[in-house]
Amino acid sequence: MAEYSAFSLLKNALTGNKDWKPAWRKPDPKASYDVIVIGGGGHGLSTAYYLAKEHGITNVAVLEKGWLGSGNVGRNTTAVRSNYLLPQNTRFYEHSMKLWENLSHDLNYNVMFSQRGCLNLAHTPAQLDDYARRGNAMRHLGVDAELMNVDQIKRLVPALDVSGSARFPVLGGLMQPRAGTARHDAVAWGYARGADRRGVDIIENCEVTGFLRDGGRITGVSTTRGEIRAKKVALAVAGSTGQVMQLAGISHMPIESHVLQAFVSESLKPVVDTVLTFGMGHFYISQSDKGGLVYGGDLDGYNSYAQRGSLPIVDEVMSEMLALFPGLARVRMLRSWGGLCDMTMDGSPIITAGPLPGMYLNCGWCYGGFKATPASGWCFAYTIAKDEPHEFNAPFTLDRFYRGLIIDDKGQGANPRLH
Amino acid sequence: MLITCPYCGPRDVIEFTYQGDGNRERPQPASQNLDAWNAYVYDRLNPAGDHNEIWQHSGGCRAHLRVVRNTVTHEILSTAFARGGHKTEGRS
């Protein structure tokens, strides 16, 4: 019987809800493991889960410097989509989408995945042509995409200003119907519980302070809770990648850490029942099940480890929201916060063995890491278990930058703040 | 965040355009050293702490500036012309 089911709810209700087990244990670290995953965010936890589930490697520790889910997995705007142009990205993110579609059943944990669609608005004829091209590229690889006209968009999102007098009139849009949102905390908790039940040790408040070496090979880590040895050490530390790699003696990476802000409004009745993006700036919005509008925009635009943003971006994001929804002008913003984004030079991630013997690297998620959580862990676990990449992550190497094999979906060049 | 431009004085960050890591060294245009070009285009120091970086006062005098800024606190420690010359010490 599944641990969480209608039957177990009823049984525990009758016994006063005293018999629920904690979702994961709080073990002390052992002296050694087969695999150490550094980083207890979404990607680290899903890596541990798939190592245990798909490859039978259960002697695994996940080391988290704070508490579980305190980083980007609890800070993002929860959109899930696979609407990319380049085939390397499309194949990878579509694999992720397929894992999302069965994730609640797989984890026996409701991640509240809601396929409410993602609509990119176009405001110029050239942009609409570009979206048609991207939609065709997606359909060519078996991903759903539909071009929508203004009448269809007006019916879908009545609150949107689609009039000709809007500052940037809407001319159409590209819809991916299978895209949507998920409950971000539940993703972390579900993967943590799934990994824990298969024997993985999740060790919180355990910061890595250095690497243990045998010659050139990484053989473990020193932490605030002592030395831990491992045959394989895997990094999934997102915005802290540069810092952790410096502990391993690698000073330069094709990555800059930037801050991205996100915002939630007070709760409203349903007003936007899809994920909507603005085409004349950088703005995206959806509505949570509690009713709050969840939205965000561009990076602040300079290197930062502060996990907080500055006011110019707040001002810009609000302007963009009002350009689309003038009727929301008096809605109050409830909360805003910032997260660290590991921006690569081409806007695509890195999932690879190396760069040092015994080390495995998962990073460079820019601000698109949440939707990748299942496939990132799935591909990283495959790479760690088999010492070779799966075909889905084979293009996402670290040395692609130096071999002319960049995967630049937006065509922005090596300027991380623009990806 | 205020950046003290050596020409214009303290100005809001929205007047400036970020141009990234100022530690990178551009090879001579005729250089065929691929490693040096790769390092210039793709490699970043990305420290958590004091960061030597280039900004342009694009909404003002358009001068390129070398700024030392702390990436954890966002405190600006010094500002100077990127090509050298006048330097403003002290936080802003």
# chains A, B, ... in the order shown; residues from 1 in each chain; ligands from 1

$ closest_atom_pairs --of "chain A" --to "chain B" --cutoff "8 Å" --atoms "only C-alpha atoms" --output "Markdown table"
| residue | atom | partner | partner_atom | distance |
| --- | --- | --- | --- | --- |
| A:Gly242 | CA | B:Asn46 | CA | 6.3 |
| A:Gln243 | CA | B:Pro47 | CA | 7.1 |
| A:Ser251 | CA | B:Leu45 | CA | 6.2 |
| A:His252 | CA | B:Leu45 | CA | 4.9 |
| A:Met253 | CA | B:Asp43 | CA | 5.2 |
| A:Pro254 | CA | B:Asp43 | CA | 4.7 |
| A:Ile255 | CA | B:Arg44 | CA | 6.3 |
| A:Glu256 | CA | B:Asn46 | CA | 5.5 |
| A:Ser257 | CA | B:Asn46 | CA | 6.7 |
| A:Gly301 | CA | B:Tyr18 | CA | 6.8 |
| A:Tyr302 | CA | B:Tyr18 | CA | 6.2 |
| A:Asn303 | CA | B:Thr71 | CA | 6.2 |
| A:Ser304 | CA | B:Thr71 | CA | 4.6 |
| A:Tyr305 | CA | B:Val72 | CA | 4.9 |
| A:Ala306 | CA | B:Val72 | CA | 4.8 |
| A:Ser310 | CA | B:Met1 | CA | 7.6 |
| A:Pro312 | CA | B:Ile14 | CA | 6.8 |
| A:Met345 | CA | B:Tyr42 | CA | 6.3 |
| A:Phe401 | CA | B:Tyr42 | CA | 6.9 |
| A:Tyr402 | CA | B:Asn38 | CA | 5.9 |
| A:Ala414 | CA | B:Tyr42 | CA | 6.6 |

$ residues_around --residues "region 34-49 of chain A" --least-positions-apart "6" --cutoff "7 Å" --atoms "only C-alpha atoms" --output "ChimeraX atom specification"
/A:59-64,68-69,71,73,187-188,191-192,194-195,200,230-237,373-374,376-378,380-381

$ write_last_selection --atoms "C-alpha atoms" --output "tab-separated table (two decimals), in the first residue's frame"
chain	number	residue	atom	x	y	z
A	59	ASN	CA	24.63	4.22	-0.24
A	60	VAL	CA	24.29	7.93	-0.99
A	61	ALA	CA	24.46	11.12	1.08
A	62	VAL	CA	22.96	14.47	0.11
A	63	LEU	CA	24.78	17.30	1.92
A	64	GLU	CA	22.86	20.56	2.38
A	68	LEU	CA	16.29	21.37	2.80
A	69	GLY	CA	14.72	23.44	0.05
A	71	GLY	CA	17.60	27.70	-2.05
A	73	VAL	CA	13.76	25.13	-5.34
A	187	VAL	CA	8.88	18.77	-5.37
A	188	ALA	CA	11.74	19.09	-2.86
A	191	TYR	CA	12.07	13.77	-3.84
A	192	ALA	CA	13.58	13.94	-0.34
A	194	GLY	CA	11.45	9.14	-2.01
A	195	ALA	CA	15.25	9.16	-1.70
A	200	VAL	CA	19.68	7.83	0.99
A	230	ALA	CA	33.09	8.79	-1.20
A	231	LYS	CA	33.92	6.99	-4.43
A	232	LYS	CA	32.14	9.71	-6.35
A	233	VAL	CA	31.39	13.33	-5.42
A	234	ALA	CA	28.65	15.10	-7.34
A	235	LEU	CA	28.01	18.88	-7.27
A	236	ALA	CA	24.51	20.31	-7.65
A	237	VAL	CA	24.99	23.69	-5.98
A	373	THR	CA	14.44	19.25	-11.88
A	374	PRO	CA	13.27	15.72	-12.85
A	376	SER	CA	18.40	17.03	-14.44
A	377	GLY	CA	18.47	14.48	-11.61
A	378	TRP	CA	17.60	11.63	-13.98
A	380	PHE	CA	22.92	13.32	-13.65
A	381	ALA	CA	22.20	10.01	-11.88

$ select_by_dssp --residues "chain B" --states "alpha helix (DSSP H)" --output "list in words"
Leu34, Asp35, Ala36, Trp37, Asn38, Ala39, Tyr40, Val41 and Tyr42 of chain B

$ residues_around --residues "Trp24 (chain A)" --least-positions-apart "2" --cutoff "9 Å" --atoms "only C-alpha atoms" --output "list in words"
Lys21, Pro22, Lys26, Trp189, Ala192, Arg193, Gly194, Ala195, Asp196, Arg197, Asp201 and Ile202 of chain A

$ residues_around --residues "Met148 (chain A)" --least-positions-apart "5" --cutoff "12 Å" --atoms "only C-alpha atoms" --output "list in words"
Cys118, Leu119, Asn120, Leu121, Ala122, Leu128, Tyr131, Ala132, Gly135, Ile153, Lys154, Arg155, Leu156, Val170, Leu171, Gly172, Gly173, Leu174, Met175, Gln176 and Pro177 of chain A

$ residues_around --residues "Asn108 (chain A)" --least-positions-apart "6" --cutoff "9 Å" --atoms "only C-alpha atoms" --output "ChimeraX atom specification"
/A:2-5,190,194

$ atom_distance --atom1 "CA of Met321 (chain A)" --atom2 "CA of Gly59 (chain B)"
24.6 Å

$ select_by_dssp --residues "region 2-85 of chain B" --states "strand (DSSP E)" --output "VMD selection string"
chain B and resid 2 to 5 9 to 12 17 to 21 50 to 56 64 to 70 76 to 81

$ decode --residues "region 201-284 of chain A" --atoms "C-alpha atoms" --output "PDB file, in the first residue's frame"
ATOM      1  CA  ASP A 201      20.995   9.898   3.938  1.00  0.00           C
ATOM      2  CA  ILE A 202      19.860  13.529   3.692  1.00  0.00           C
ATOM      3  CA  ILE A 203      22.175  15.565   5.923  1.00  0.00           C
ATOM      4  CA  GLU A 204      21.102  19.144   6.566  1.00  0.00           C
ATOM      5  CA  ASN A 205      23.186  21.949   8.116  1.00  0.00           C
ATOM      6  CA  CYS A 206      26.307  20.330   6.695  1.00  0.00           C
ATOM      7  CA  GLU A 207      28.413  22.754   4.669  1.00  0.00           C
ATOM      8  CA  VAL A 208      31.241  21.510   2.482  1.00  0.00           C
ATOM      9  CA  THR A 209      34.458  23.338   3.385  1.00  0.00           C
ATOM     10  CA  GLY A 210      36.953  21.489   1.198  1.00  0.00           C
ATOM     11  CA  PHE A 211      37.699  18.430  -0.891  1.00  0.00           C
ATOM     12  CA  LEU A 212      39.701  15.346   0.078  1.00  0.00           C
ATOM     13  CA  ARG A 213      42.131  14.168  -2.566  1.00  0.00           C
ATOM     14  CA  ASP A 214      44.265  11.189  -3.366  1.00  0.00           C
ATOM     15  CA  GLY A 215      46.707  12.479  -5.936  1.00  0.00           C
ATOM     16  CA  GLY A 216      44.527  14.268  -8.470  1.00  0.00           C
ATOM     17  CA  ARG A 217      41.430  12.278  -7.589  1.00  0.00           C
ATOM     18  CA  ILE A 218      38.593  13.613  -5.435  1.00  0.00           C
ATOM     19  CA  THR A 219      37.960  11.059  -2.676  1.00  0.00           C
ATOM     20  CA  GLY A 220      35.561  12.903  -0.395  1.00  0.00           C
ATOM     21  CA  VAL A 221      34.770  16.185   1.293  1.00  0.00           C
ATOM     22  CA  SER A 222      35.525  17.935   4.532  1.00  0.00           C
ATOM     23  CA  THR A 223      32.438  19.502   6.056  1.00  0.00           C
ATOM     24  CA  THR A 224      31.247  21.381   9.113  1.00  0.00           C
ATOM     25  CA  ARG A 225      30.213  17.929  10.395  1.00  0.00           C
ATOM     26  CA  GLY A 226      33.536  16.206   9.739  1.00  0.00           C
ATOM     27  CA  GLU A 227      35.254  14.432   6.856  1.00  0.00           C
ATOM     28  CA  ILE A 228      33.174  12.166   4.636  1.00  0.00           C
ATOM     29  CA  ARG A 229      34.740   9.907   2.019  1.00  0.00           C
ATOM     30  CA  ALA A 230      33.092   8.790  -1.199  1.00  0.00           C
ATOM     31  CA  LYS A 231      33.919   6.991  -4.426  1.00  0.00           C
ATOM     32  CA  LYS A 232      32.141   9.707  -6.347  1.00  0.00           C
ATOM     33  CA  VAL A 233      31.394  13.333  -5.418  1.00  0.00           C
ATOM     34  CA  ALA A 234      28.646  15.104  -7.342  1.00  0.00           C
ATOM     35  CA  LEU A 235      28.008  18.875  -7.274  1.00  0.00           C
ATOM     36  CA  ALA A 236      24.510  20.309  -7.648  1.00  0.00           C
ATOM     37  CA  VAL A 237      24.988  23.692  -5.979  1.00  0.00           C
ATOM     38  CA  ALA A 238      23.551  26.100  -8.587  1.00  0.00           C
ATOM     39  CA  GLY A 239      24.488  29.702  -7.698  1.00  0.00           C
ATOM     40  CA  SER A 240      27.306  28.550  -5.406  1.00  0.00           C
ATOM     41  CA  THR A 241      29.052  26.548  -8.138  1.00  0.00           C
ATOM     42  CA  GLY A 242      31.903  29.037  -8.469  1.00  0.00           C
ATOM     43  CA  GLN A 243      32.496  29.025  -4.702  1.00  0.00           C
ATOM     44  CA  VAL A 244      32.527  25.236  -4.384  1.00  0.00           C
ATOM     45  CA  MET A 245      34.733  24.803  -7.463  1.00  0.00           C
ATOM     46  CA  GLN A 246      37.226  27.227  -5.894  1.00  0.00           C
ATOM     47  CA  LEU A 247      37.435  24.850  -2.923  1.00  0.00           C
ATOM     48  CA  ALA A 248      38.523  22.241  -5.463  1.00  0.00           C
ATOM     49  CA  GLY A 249      41.186  24.588  -6.847  1.00  0.00           C
ATOM     50  CA  ILE A 250      39.348  25.608 -10.034  1.00  0.00           C
ATOM     51  CA  SER A 251      39.264  29.401 -10.054  1.00  0.00           C
ATOM     52  CA  HIS A 252      37.507  30.147 -13.343  1.00  0.00           C
ATOM     53  CA  MET A 253      34.259  28.760 -14.757  1.00  0.00           C
ATOM     54  CA  PRO A 254      32.053  29.781 -17.717  1.00  0.00           C
ATOM     55  CA  ILE A 255      29.506  30.937 -15.121  1.00  0.00           C
ATOM     56  CA  GLU A 256      28.449  34.170 -13.412  1.00  0.00           C
ATOM     57  CA  SER A 257      26.159  34.230 -10.357  1.00  0.00           C
ATOM     58  CA  HIS A 258      23.349  36.757 -10.693  1.00  0.00           C
ATOM     59  CA  VAL A 259      20.306  37.631  -8.611  1.00  0.00           C
ATOM     60  CA  LEU A 260      16.774  37.126  -9.935  1.00  0.00           C
ATOM     61  CA  GLN A 261      13.774  38.544  -8.086  1.00  0.00           C
ATOM     62  CA  ALA A 262      10.294  37.068  -7.815  1.00  0.00           C
ATOM     63  CA  PHE A 263       7.040  38.557  -6.559  1.00  0.00           C
ATOM     64  CA  VAL A 264       3.696  37.451  -5.141  1.00  0.00           C
ATOM     65  CA  SER A 265       0.589  39.610  -4.923  1.00  0.00           C
ATOM     66  CA  GLU A 266      -2.257  39.399  -2.449  1.00  0.00           C
ATOM     67  CA  SER A 267      -4.772  36.625  -3.190  1.00  0.00           C
ATOM     68  CA  LEU A 268      -7.286  37.308  -5.937  1.00  0.00           C
ATOM     69  CA  LYS A 269     -10.125  35.356  -7.492  1.00  0.00           C
ATOM     70  CA  PRO A 270      -9.022  33.518 -10.665  1.00  0.00           C
ATOM     71  CA  VAL A 271      -7.777  36.042 -13.214  1.00  0.00           C
ATOM     72  CA  VAL A 272      -4.982  34.259 -15.133  1.00  0.00           C
ATOM     73  CA  ASP A 273      -5.385  30.502 -15.580  1.00  0.00           C
ATOM     74  CA  THR A 274      -2.308  29.948 -17.719  1.00  0.00           C
ATOM     75  CA  VAL A 275       1.374  30.897 -17.615  1.00  0.00           C
ATOM     76  CA  LEU A 276       1.714  34.105 -19.607  1.00  0.00           C
ATOM     77  CA  THR A 277       4.868  35.815 -20.880  1.00  0.00           C
ATOM     78  CA  PHE A 278       5.301  39.340 -22.267  1.00  0.00           C
ATOM     79  CA  GLY A 279       7.159  39.632 -25.573  1.00  0.00           C
ATOM     80  CA  MET A 280       8.326  43.258 -25.395  1.00  0.00           C
ATOM     81  CA  GLY A 281      10.375  42.845 -22.254  1.00  0.00           C
ATOM     82  CA  HIS A 282      11.026  40.063 -19.819  1.00  0.00           C
ATOM     83  CA  PHE A 283       7.956  39.298 -17.725  1.00  0.00           C
ATOM     84  CA  TYR A 284       6.059  36.132 -16.820  1.00  0.00           C
TER      85      TYR A 284
END
